[in-house]
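Asks: Following this message is one structure expressed as structure tokens.
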Amino acid sequence: MLLTVGISDMKISSNPEDVLVTYSLGSCVGIAIYDPLQKIGGLIHCMLPLSKVDLEKAKDVPYMFVDTGLPLMLQTLFNMGADRKRLVAKVAGGAVLLDDNGMFRIGERNHIVVRKLLWKNNILISSEDVGGTLARTMYLHIIDGKTIIKSAGKEYEL
Amino acid sequence: MNSREKIIEKIKEIPAFPTNSASILNKINNPESHILDIAKEIETDPTLTANVLKLANSAYFAGHQTISTIREAVILLGINRIQQLIIATAIFPTAVKPLQGYDLPAGELIKHLIGTAIASELLGKELKGDVPPHTFTVGLLHDIGKIVLGTFIEIDPEPIIKKAYDERLSFEKAEKEILGIDHSEVGALLMQAWNFPNVLIQPVLYHHEPDKAPREYQLVTDYVHIASNLCLECGIGSGIDGLNYSNNINSIERLNIDMRTVESVICKLIGEINTFMENLKTGDIT
């Protein structure tokens, strides 16, 4: 089944028939994490890097922020039997405006916090497609962990 | 005829803005009209009444109140909100359709228009600034030119995209180079054909070049310029043009926006859009 991960949302599946998808990643960042042995994977769509901007919101919608959402996704994967040593992480999104005049850089900052947090958790990013001015859609196939990006009419494996 | 002239010619063939809505909008903009007379006129049109009430009852406008008549809506929400609701209901059926030329699936453009309208107001609130009453409406209308280019003309986006990426041009500049006109100007021309007032047309025309907006319309233009870009960053209605637009540094300075403001607005944005859309399904507004 195709399971949609909304904006500020996360889904995990261990059903080999499932494909997780998140649409229109702009500056937001999508992180797919997969355990190839257990065949369990999760996909998260975070809008902002750090929850300190609105701690109340972070309680209600932890997946809105990388620093609250990503650890929660990892913990859920571990609880479901995923092994940290086997985890394969792929990252997409973090686009920036053509010229945002150095003011907001949400995409760049999202990407930095993802890298930091995964590094701290001893998880290597196996591949990523980040930055630029294109919006992206990201798919994670639970059966084999294949991660597909669709962007501007093109489709490729990450 | 070059493509600019062809496009301008085509604008004339686009169906008129619903006449009833247009006449009511004119009355709303006429200071001599009495609001209860306007309410009466809306009530003579059952479809418009149903649509306006459906939108008026979204939590974004009504909060926890229930609004059951146009009279109540006018009194509780104020005439500005009614103007916004009439325009929203008028553009909804067209703006909800897929937009081939920009590779936007059904429902995405309307989400971008509503998102931009809401983000403009949120920005104003966050900055504790003055939000002119037309800001929301301009947000709803700012990309209406994309409907013309993407649906009625079905532009081929390939050469525009190629130009934009090869030369690091923002999308509207590439449109202008390839087509001789960009979606902002097309939108403004369409609104002119619909006899919309200048307070709405000028900010739409300059929403990618806010420095050129006449002074009296600059604040609205700045809000909508930044709000539209914020929505694109959040993936709200970004099509094949993606994030290929620029933030104007002078708008940022005029509004005095910092990173924290932007992030606070983004935090609230999706929730607010959902409260606006919760009563609406595709085909709901006819």
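So you can find residues: chains in the structure tokens are A, B, ... in the order shown, residues in each start at 1, and ligands are numbered from 1 in order.
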Name the residues of range 26-155 of chain A that fall into strand (DSSP E) according to DSSP on the backbone, using the chain letters and numbers of this document, as number ranges by chain.
Replies: A: 29-35, 40-46, 88-93, 125-130, 136-141, 147-151, 154-155
Asks: When DSSP works through the backbone of this structure, what residues of range 10-176 of chain B end up as alpha helix (DSSP H), shown as an mmCIF file with N, CA and C atoms, in the first residue's frame?
Replies:
```
data_model
loop_
_atom_site.group_PDB
_atom_site.id
_atom_site.type_symbol
_atom_site.label_atom_id
_atom_site.label_comp_id
_atom_site.auth_asym_id
_atom_site.auth_seq_id
_atom_site.Cartn_x
_atom_site.Cartn_y
_atom_site.Cartn_z
ATOM 1 N N LYS B 10 -5.419 36.219 -25.679
ATOM 2 C CA LYS B 10 -6.102 35.069 -25.056
ATOM 3 C C LYS B 10 -6.813 35.482 -23.760
ATOM 4 N N ILE B 11 -6.215 36.443 -23.051
ATOM 5 C CA ILE B 11 -6.801 36.853 -21.769
ATOM 6 C C ILE B 11 -8.242 37.327 -21.977
ATOM 7 N N THR B 19 -20.517 37.314 -12.530
ATOM 8 C CA THR B 19 -21.068 38.672 -12.543
ATOM 9 C C THR B 19 -21.630 39.098 -11.198
ATOM 10 N N ASN B 20 -22.343 38.181 -10.588
ATOM 11 C CA ASN B 20 -22.922 38.509 -9.300
ATOM 12 C C ASN B 20 -21.840 38.891 -8.294
ATOM 13 N N SER B 21 -20.777 38.069 -8.257
ATOM 14 C CA SER B 21 -19.683 38.347 -7.331
ATOM 15 C C SER B 21 -19.059 39.691 -7.658
ATOM 16 N N ALA B 22 -18.883 39.970 -8.954
ATOM 17 C CA ALA B 22 -18.255 41.237 -9.352
ATOM 18 C C ALA B 22 -19.092 42.425 -8.887
ATOM 19 N N SER B 23 -20.413 42.318 -9.068
ATOM 20 C CA SER B 23 -21.266 43.444 -8.670
ATOM 21 C C SER B 23 -21.228 43.637 -7.152
ATOM 22 N N ILE B 24 -21.188 42.513 -6.429
ATOM 23 C CA ILE B 24 -21.123 42.630 -4.963
ATOM 24 C C ILE B 24 -19.783 43.230 -4.523
ATOM 25 N N LEU B 25 -18.699 42.795 -5.187
ATOM 26 C CA LEU B 25 -17.382 43.342 -4.827
ATOM 27 C C LEU B 25 -17.347 44.851 -5.069
ATOM 28 N N ASN B 26 -17.961 45.285 -6.155
ATOM 29 C CA ASN B 26 -18.014 46.719 -6.420
ATOM 30 C C ASN B 26 -18.748 47.466 -5.325
ATOM 31 N N LYS B 27 -19.852 46.873 -4.875
ATOM 32 C CA LYS B 27 -20.608 47.506 -3.783
ATOM 33 C C LYS B 27 -19.775 47.545 -2.507
ATOM 34 N N ILE B 28 -19.043 46.465 -2.254
ATOM 35 C CA ILE B 28 -18.222 46.431 -1.041
ATOM 36 C C ILE B 28 -17.183 47.546 -1.090
ATOM 37 N N ILE B 35 -23.722 47.898 4.648
ATOM 38 C CA ILE B 35 -23.328 46.484 4.686
ATOM 39 C C ILE B 35 -24.533 45.537 4.699
ATOM 40 N N LEU B 36 -25.624 45.959 5.288
ATOM 41 C CA LEU B 36 -26.762 45.035 5.321
ATOM 42 C C LEU B 36 -27.407 44.884 3.935
ATOM 43 N N ASP B 37 -27.288 45.947 3.117
ATOM 44 C CA ASP B 37 -27.756 45.825 1.730
ATOM 45 C C ASP B 37 -26.887 44.842 0.965
ATOM 46 N N ILE B 38 -25.585 44.906 1.261
ATOM 47 C CA ILE B 38 -24.669 43.958 0.602
ATOM 48 C C ILE B 38 -25.049 42.531 1.012
ATOM 49 N N ALA B 39 -25.318 42.355 2.302
ATOM 50 C CA ALA B 39 -25.725 41.025 2.786
ATOM 51 C C ALA B 39 -26.956 40.551 2.034
ATOM 52 N N LYS B 40 -27.919 41.451 1.877
ATOM 53 C CA LYS B 40 -29.161 41.087 1.162
ATOM 54 C C LYS B 40 -28.857 40.641 -0.264
ATOM 55 N N GLU B 41 -27.967 41.402 -0.907
ATOM 56 C CA GLU B 41 -27.672 41.057 -2.302
ATOM 57 C C GLU B 41 -26.997 39.675 -2.401
ATOM 58 N N ILE B 42 -26.090 39.379 -1.455
ATOM 59 C CA ILE B 42 -25.454 38.056 -1.472
ATOM 60 C C ILE B 42 -26.532 36.982 -1.316
ATOM 61 N N GLU B 43 -27.487 37.248 -0.427
ATOM 62 C CA GLU B 43 -28.512 36.237 -0.140
ATOM 63 C C GLU B 43 -29.423 35.938 -1.340
ATOM 64 N N PRO B 46 -28.231 31.878 -4.200
ATOM 65 C CA PRO B 46 -28.140 30.745 -3.270
ATOM 66 C C PRO B 46 -26.788 30.026 -3.303
ATOM 67 N N THR B 47 -26.200 29.893 -4.498
ATOM 68 C CA THR B 47 -24.903 29.196 -4.579
ATOM 69 C C THR B 47 -23.841 30.000 -3.846
ATOM 70 N N LEU B 48 -23.803 31.303 -4.129
ATOM 71 C CA LEU B 48 -22.820 32.175 -3.488
ATOM 72 C C LEU B 48 -23.020 32.158 -1.965
ATOM 73 N N THR B 49 -24.285 32.213 -1.540
ATOM 74 C CA THR B 49 -24.578 32.192 -0.109
ATOM 75 C C THR B 49 -24.045 30.917 0.534
ATOM 76 N N ALA B 50 -24.326 29.775 -0.098
ATOM 77 C CA ALA B 50 -23.869 28.492 0.459
ATOM 78 C C ALA B 50 -22.348 28.464 0.544
ATOM 79 N N ASN B 51 -21.697 28.920 -0.535
ATOM 80 C CA ASN B 51 -20.232 28.894 -0.556
ATOM 81 C C ASN B 51 -19.626 29.819 0.491
ATOM 82 N N VAL B 52 -20.166 31.024 0.583
ATOM 83 C CA VAL B 52 -19.622 31.987 1.540
ATOM 84 C C VAL B 52 -19.807 31.462 2.969
ATOM 85 N N LEU B 53 -20.967 30.862 3.242
ATOM 86 C CA LEU B 53 -21.204 30.351 4.594
ATOM 87 C C LEU B 53 -20.275 29.186 4.921
ATOM 88 N N LYS B 54 -20.036 28.342 3.921
ATOM 89 C CA LYS B 54 -19.144 27.204 4.148
ATOM 90 C C LYS B 54 -17.756 27.705 4.572
ATOM 91 N N LEU B 55 -17.251 28.694 3.835
ATOM 92 C CA LEU B 55 -15.932 29.241 4.157
ATOM 93 C C LEU B 55 -15.959 30.037 5.459
ATOM 94 N N ALA B 56 -17.027 30.801 5.650
ATOM 95 C CA ALA B 56 -17.109 31.655 6.844
ATOM 96 C C ALA B 56 -17.061 30.809 8.110
ATOM 97 N N ALA B 59 -12.743 27.285 10.901
ATOM 98 C CA ALA B 59 -12.233 27.773 12.175
ATOM 99 C C ALA B 59 -11.315 28.974 11.984
ATOM 100 N N TYR B 60 -10.706 29.086 10.791
ATOM 101 C CA TYR B 60 -9.789 30.198 10.570
ATOM 102 C C TYR B 60 -10.509 31.529 10.725
ATOM 103 N N PHE B 61 -11.736 31.608 10.213
ATOM 104 C CA PHE B 61 -12.491 32.861 10.292
ATOM 105 C C PHE B 61 -13.397 32.918 11.509
ATOM 106 N N ALA B 62 -14.123 31.827 11.751
ATOM 107 C CA ALA B 62 -15.204 31.882 12.722
ATOM 108 C C ALA B 62 -14.778 31.474 14.128
ATOM 109 N N ILE B 70 -25.853 35.101 6.101
ATOM 110 C CA ILE B 70 -24.907 36.078 5.567
ATOM 111 C C ILE B 70 -24.893 37.324 6.454
ATOM 112 N N ARG B 71 -26.071 37.689 6.937
ATOM 113 C CA ARG B 71 -26.179 38.840 7.843
ATOM 114 C C ARG B 71 -25.256 38.679 9.058
ATOM 115 N N GLU B 72 -25.308 37.487 9.650
ATOM 116 C CA GLU B 72 -24.423 37.187 10.781
ATOM 117 C C GLU B 72 -22.959 37.249 10.353
ATOM 118 N N ALA B 73 -22.686 36.689 9.175
ATOM 119 C CA ALA B 73 -21.302 36.671 8.687
ATOM 120 C C ALA B 73 -20.771 38.096 8.530
ATOM 121 N N VAL B 74 -21.610 38.958 7.956
ATOM 122 C CA VAL B 74 -21.193 40.345 7.728
ATOM 123 C C VAL B 74 -20.914 41.042 9.058
ATOM 124 N N ILE B 75 -21.786 40.789 10.031
ATOM 125 C CA ILE B 75 -21.652 41.469 11.318
ATOM 126 C C ILE B 75 -20.479 40.910 12.125
ATOM 127 N N LEU B 76 -20.385 39.571 12.171
ATOM 128 C CA LEU B 76 -19.348 38.961 13.012
ATOM 129 C C LEU B 76 -17.954 39.058 12.396
ATOM 130 N N LEU B 77 -17.884 38.901 11.082
ATOM 131 C CA LEU B 77 -16.556 38.841 10.458
ATOM 132 C C LEU B 77 -16.119 40.178 9.865
ATOM 133 N N ILE B 79 -16.864 43.348 6.805
ATOM 134 C CA ILE B 79 -17.051 43.365 5.361
ATOM 135 C C ILE B 79 -15.783 42.972 4.605
ATOM 136 N N ASN B 80 -14.605 43.241 5.208
ATOM 137 C CA ASN B 80 -13.366 42.836 4.536
ATOM 138 C C ASN B 80 -13.282 41.339 4.362
ATOM 139 N N ARG B 81 -13.639 40.634 5.444
ATOM 140 C CA ARG B 81 -13.624 39.169 5.378
ATOM 141 C C ARG B 81 -14.608 38.671 4.321
ATOM 142 N N ILE B 82 -15.746 39.330 4.224
ATOM 143 C CA ILE B 82 -16.741 38.895 3.245
ATOM 144 C C ILE B 82 -16.183 39.047 1.833
ATOM 145 N N GLN B 83 -15.475 40.150 1.602
ATOM 146 C CA GLN B 83 -14.844 40.344 0.295
ATOM 147 C C GLN B 83 -13.865 39.207 0.001
ATOM 148 N N GLN B 84 -13.061 38.849 1.030
ATOM 149 C CA GLN B 84 -12.091 37.771 0.841
ATOM 150 C C GLN B 84 -12.802 36.454 0.525
ATOM 151 N N LEU B 85 -13.912 36.214 1.235
ATOM 152 C CA LEU B 85 -14.636 34.954 1.032
ATOM 153 C C LEU B 85 -15.252 34.889 -0.359
ATOM 154 N N ILE B 86 -15.772 36.022 -0.837
ATOM 155 C CA ILE B 86 -16.384 36.020 -2.176
ATOM 156 C C ILE B 86 -15.317 35.737 -3.235
ATOM 157 N N ILE B 87 -14.150 36.352 -3.065
ATOM 158 C CA ILE B 87 -13.086 36.106 -4.044
ATOM 159 C C ILE B 87 -12.604 34.662 -3.954
ATOM 160 N N ALA B 88 -12.475 34.158 -2.730
ATOM 161 C CA ALA B 88 -12.042 32.759 -2.574
ATOM 162 C C ALA B 88 -13.023 31.816 -3.260
ATOM 163 N N THR B 89 -14.327 32.051 -3.060
ATOM 164 C CA THR B 89 -15.298 31.141 -3.674
ATOM 165 C C THR B 89 -15.310 31.294 -5.191
ATOM 166 N N ALA B 90 -15.012 32.506 -5.674
ATOM 167 C CA ALA B 90 -15.023 32.707 -7.127
ATOM 168 C C ALA B 90 -13.842 32.024 -7.812
ATOM 169 N N ILE B 91 -12.667 32.030 -7.150
ATOM 170 C CA ILE B 91 -11.504 31.432 -7.823
ATOM 171 C C ILE B 91 -11.376 29.934 -7.525
ATOM 172 N N PHE B 92 -12.049 29.469 -6.476
ATOM 173 C CA PHE B 92 -11.849 28.081 -6.041
ATOM 174 C C PHE B 92 -12.035 27.040 -7.155
ATOM 175 N N PRO B 93 -13.177 27.061 -7.875
ATOM 176 C CA PRO B 93 -13.408 25.985 -8.858
ATOM 177 C C PRO B 93 -12.317 25.902 -9.928
ATOM 178 N N THR B 94 -11.730 27.048 -10.310
ATOM 179 C CA THR B 94 -10.675 27.028 -11.317
ATOM 180 C C THR B 94 -9.322 26.719 -10.686
ATOM 181 N N ALA B 95 -9.064 27.325 -9.541
ATOM 182 C CA ALA B 95 -7.734 27.198 -8.945
ATOM 183 C C ALA B 95 -7.501 25.822 -8.332
ATOM 184 N N GLU B 108 -3.261 21.846 -5.650
ATOM 185 C CA GLU B 108 -2.010 22.447 -5.162
ATOM 186 C C GLU B 108 -1.992 23.975 -5.316
ATOM 187 N N LEU B 109 -2.491 24.479 -6.445
ATOM 188 C CA LEU B 109 -2.450 25.936 -6.619
ATOM 189 C C LEU B 109 -3.345 26.629 -5.587
ATOM 190 N N ILE B 110 -4.533 26.087 -5.391
ATOM 191 C CA ILE B 110 -5.444 26.730 -4.436
ATOM 192 C C ILE B 110 -4.815 26.716 -3.040
ATOM 193 N N LYS B 111 -4.103 25.619 -2.729
ATOM 194 C CA LYS B 111 -3.432 25.541 -1.431
ATOM 195 C C LYS B 111 -2.355 26.628 -1.331
ATOM 196 N N HIS B 112 -1.666 26.854 -2.439
ATOM 197 C CA HIS B 112 -0.629 27.893 -2.440
ATOM 198 C C HIS B 112 -1.257 29.285 -2.270
ATOM 199 N N LEU B 113 -2.395 29.500 -2.921
ATOM 200 C CA LEU B 113 -3.049 30.815 -2.829
ATOM 201 C C LEU B 113 -3.570 31.049 -1.409
ATOM 202 N N ILE B 114 -4.246 30.043 -0.862
ATOM 203 C CA ILE B 114 -4.765 30.175 0.500
ATOM 204 C C ILE B 114 -3.602 30.257 1.490
ATOM 205 N N GLY B 115 -2.585 29.430 1.258
ATOM 206 C CA GLY B 115 -1.401 29.448 2.134
ATOM 207 C C GLY B 115 -0.736 30.820 2.139
ATOM 208 N N THR B 116 -0.619 31.430 0.976
ATOM 209 C CA THR B 116 0.028 32.744 0.876
ATOM 210 C C THR B 116 -0.820 33.804 1.583
ATOM 211 N N ALA B 117 -2.147 33.722 1.389
ATOM 212 C CA ALA B 117 -3.041 34.678 2.063
ATOM 213 C C ALA B 117 -2.879 34.557 3.578
ATOM 214 N N ILE B 118 -2.876 33.322 4.064
ATOM 215 C CA ILE B 118 -2.771 33.095 5.514
ATOM 216 C C ILE B 118 -1.375 33.491 6.021
ATOM 217 N N ALA B 119 -0.333 33.103 5.278
ATOM 218 C CA ALA B 119 1.038 33.435 5.709
ATOM 219 C C ALA B 119 1.251 34.949 5.752
ATOM 220 N N SER B 120 0.617 35.691 4.834
ATOM 221 C CA SER B 120 0.764 37.156 4.865
ATOM 222 C C SER B 120 0.193 37.721 6.156
ATOM 223 N N GLU B 121 -0.970 37.200 6.543
ATOM 224 C CA GLU B 121 -1.580 37.690 7.795
ATOM 225 C C GLU B 121 -0.767 37.255 9.005
ATOM 226 N N LEU B 122 -0.268 36.000 8.967
ATOM 227 C CA LEU B 122 0.547 35.523 10.092
ATOM 228 C C LEU B 122 1.817 36.357 10.241
ATOM 229 N N LEU B 123 2.428 36.709 9.101
ATOM 230 C CA LEU B 123 3.635 37.550 9.139
ATOM 231 C C LEU B 123 3.325 38.868 9.824
ATOM 232 N N GLY B 124 2.202 39.480 9.409
ATOM 233 C CA GLY B 124 1.808 40.759 9.989
ATOM 234 C C GLY B 124 1.604 40.645 11.491
ATOM 235 N N LYS B 125 0.922 39.577 11.905
ATOM 236 C CA LYS B 125 0.681 39.375 13.343
ATOM 237 C C LYS B 125 1.992 39.181 14.088
ATOM 238 N N GLU B 126 2.863 38.354 13.512
ATOM 239 C CA GLU B 126 4.132 38.037 14.152
ATOM 240 C C GLU B 126 4.994 39.297 14.300
ATOM 241 N N THR B 135 -4.614 42.636 2.155
ATOM 242 C CA THR B 135 -3.483 41.717 2.085
ATOM 243 C C THR B 135 -3.923 40.285 1.784
ATOM 244 N N PHE B 136 -4.907 39.816 2.520
ATOM 245 C CA PHE B 136 -5.376 38.441 2.357
ATOM 246 C C PHE B 136 -5.872 38.203 0.922
ATOM 247 N N THR B 137 -6.648 39.158 0.413
ATOM 248 C CA THR B 137 -7.209 39.027 -0.936
ATOM 249 C C THR B 137 -6.103 38.985 -1.992
ATOM 250 N N VAL B 138 -5.094 39.840 -1.832
ATOM 251 C CA VAL B 138 -3.988 39.824 -2.786
ATOM 252 C C VAL B 138 -3.285 38.464 -2.730
ATOM 253 N N GLY B 139 -3.136 37.918 -1.529
ATOM 254 C CA GLY B 139 -2.559 36.575 -1.391
ATOM 255 C C GLY B 139 -3.357 35.559 -2.191
ATOM 256 N N LEU B 140 -4.677 35.645 -2.114
ATOM 257 C CA LEU B 140 -5.542 34.714 -2.847
ATOM 258 C C LEU B 140 -5.393 34.844 -4.354
ATOM 259 N N LEU B 141 -5.067 36.060 -4.803
ATOM 260 C CA LEU B 141 -5.065 36.320 -6.247
ATOM 261 C C LEU B 141 -3.673 36.335 -6.872
ATOM 262 N N ILE B 144 -2.776 34.221 -9.945
ATOM 263 C CA ILE B 144 -3.898 33.907 -10.832
ATOM 264 C C ILE B 144 -3.450 33.870 -12.295
ATOM 265 N N GLY B 145 -2.366 34.595 -12.595
ATOM 266 C CA GLY B 145 -1.805 34.556 -13.953
ATOM 267 C C GLY B 145 -1.309 33.170 -14.330
ATOM 268 N N LYS B 146 -0.919 32.374 -13.317
ATOM 269 C CA LYS B 146 -0.459 31.015 -13.612
ATOM 270 C C LYS B 146 -1.596 30.164 -14.170
ATOM 271 N N ILE B 147 -2.833 30.478 -13.743
ATOM 272 C CA ILE B 147 -3.974 29.718 -14.266
ATOM 273 C C ILE B 147 -4.112 30.004 -15.761
ATOM 274 N N PRO B 157 6.623 24.382 -20.475
ATOM 275 C CA PRO B 157 7.545 24.919 -19.470
ATOM 276 C C PRO B 157 9.016 24.608 -19.753
ATOM 277 N N GLU B 158 9.284 23.635 -20.639
ATOM 278 C CA GLU B 158 10.676 23.179 -20.828
ATOM 279 C C GLU B 158 11.667 24.316 -21.135
ATOM 280 N N PRO B 159 11.400 25.113 -22.194
ATOM 281 C CA PRO B 159 12.391 26.166 -22.494
ATOM 282 C C PRO B 159 12.523 27.200 -21.366
ATOM 283 N N ILE B 160 11.431 27.416 -20.615
ATOM 284 C CA ILE B 160 11.487 28.389 -19.517
ATOM 285 C C ILE B 160 12.387 27.852 -18.402
ATOM 286 N N ILE B 161 12.157 26.580 -18.062
ATOM 287 C CA ILE B 161 12.968 25.946 -17.026
ATOM 288 C C ILE B 161 14.442 25.939 -17.436
ATOM 289 N N LYS B 162 14.681 25.581 -18.694
ATOM 290 C CA LYS B 162 16.061 25.468 -19.170
ATOM 291 C C LYS B 162 16.750 26.823 -19.030
ATOM 292 N N LYS B 163 16.048 27.857 -19.476
ATOM 293 C CA LYS B 163 16.598 29.211 -19.396
ATOM 294 C C LYS B 163 16.876 29.576 -17.932
ATOM 295 N N ALA B 164 15.898 29.288 -17.069
ATOM 296 C CA ALA B 164 16.041 29.632 -15.656
ATOM 297 C C ALA B 164 17.267 28.948 -15.052
ATOM 298 N N TYR B 165 17.434 27.645 -15.332
ATOM 299 C CA TYR B 165 18.541 26.919 -14.715
ATOM 300 C C TYR B 165 19.875 27.246 -15.367
ATOM 301 N N ASP B 166 19.872 27.354 -16.701
ATOM 302 C CA ASP B 166 21.140 27.623 -17.382
ATOM 303 C C ASP B 166 21.700 28.984 -16.989
ATOM 304 N N PHE B 171 12.300 32.261 -11.942
ATOM 305 C CA PHE B 171 11.371 31.690 -12.915
ATOM 306 C C PHE B 171 10.588 32.757 -13.659
ATOM 307 N N GLU B 172 10.159 33.812 -12.945
ATOM 308 C CA GLU B 172 9.326 34.806 -13.638
ATOM 309 C C GLU B 172 10.148 35.597 -14.654
ATOM 310 N N LYS B 173 11.451 35.749 -14.383
ATOM 311 C CA LYS B 173 12.295 36.456 -15.361
ATOM 312 C C LYS B 173 12.471 35.594 -16.609
ATOM 313 N N ALA B 174 12.615 34.270 -16.393
ATOM 314 C CA ALA B 174 12.743 33.360 -17.539
ATOM 315 C C ALA B 174 11.440 33.339 -18.344
ATOM 316 N N GLU B 175 10.302 33.384 -17.641
ATOM 317 C CA GLU B 175 9.012 33.458 -18.341
ATOM 318 C C GLU B 175 8.990 34.670 -19.260
ATOM 319 N N LYS B 176 9.432 35.774 -18.700
ATOM 320 C CA LYS B 176 9.378 37.029 -19.452
ATOM 321 C C LYS B 176 10.278 36.957 -20.690
#
```
Asks: Which residues of chain A are close to chain B, meaning at most 9 Å apart when you count only C-alpha atoms, and how do they look as a ChimeraX atom specification?
Replies: /A:7-8,23-28,47-48,53-54,57,64,94-101,103-107,132-136,151-153
Asks: Go ahead and compute the interatomic distance for CA of Ser251 in chain B and CA of Glu185 in chain B, in Å to one decimal.
Replies: 19.7 Å
Asks: Using only C-alpha atoms, which of the listed residues (A:Asn110, A:Asn121, A:Ser126, A:Thr137) sits closest to Leu20 in chain A?
Replies: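 The closest residue to Leu20 in chain A is A:Thr137.
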Asks: Determine, counting only C-alpha atoms, which protein, DNA and RNA residues have an atom within 7 Å of an atom of Ser51 in chain A; residues of the same chain fewer than 2 positions away are not included. Present the result as an MDAnalysis selection string.
Replies: chainID A and resid 49 53:55 58 65 67:68
Asks: Could you pull the residues within 8 Å of Gly101 in chain B, counting only C-alpha atoms, minus those fewer than 2 positions along the same chain, as a VMD selection string?
Replies: chain B and resid 99 103 to 104 149 to 151 154 to 157
Asks: Could you check which of A:Tyr139, A:Arg84, A:Met10, A:Ala92 is closest to Leu72 in chain A, using only C-alpha atoms?
Replies: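 Once distances to Leu72 in chain A are computed over only C-alpha atoms, the minimum belongs to A:Met10.
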Asks: I want to know what sits within 12 Å of Ala213 in chain B, based on only C-alpha atoms, with residues of the same chain fewer than 3 positions away left out; could you give that as a list in words?
Replies: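 So, after excluding close chain neighbours, the residues are Asn198, Val199, Leu200, Ile201, Gln202, Pro203, Val204, Leu205, Tyr206, His207, His208, Glu209, Pro210, Glu216, Tyr217, Gln218, Leu219, Val220, Thr221, Asp222, His225 and Ser251 of chain B.
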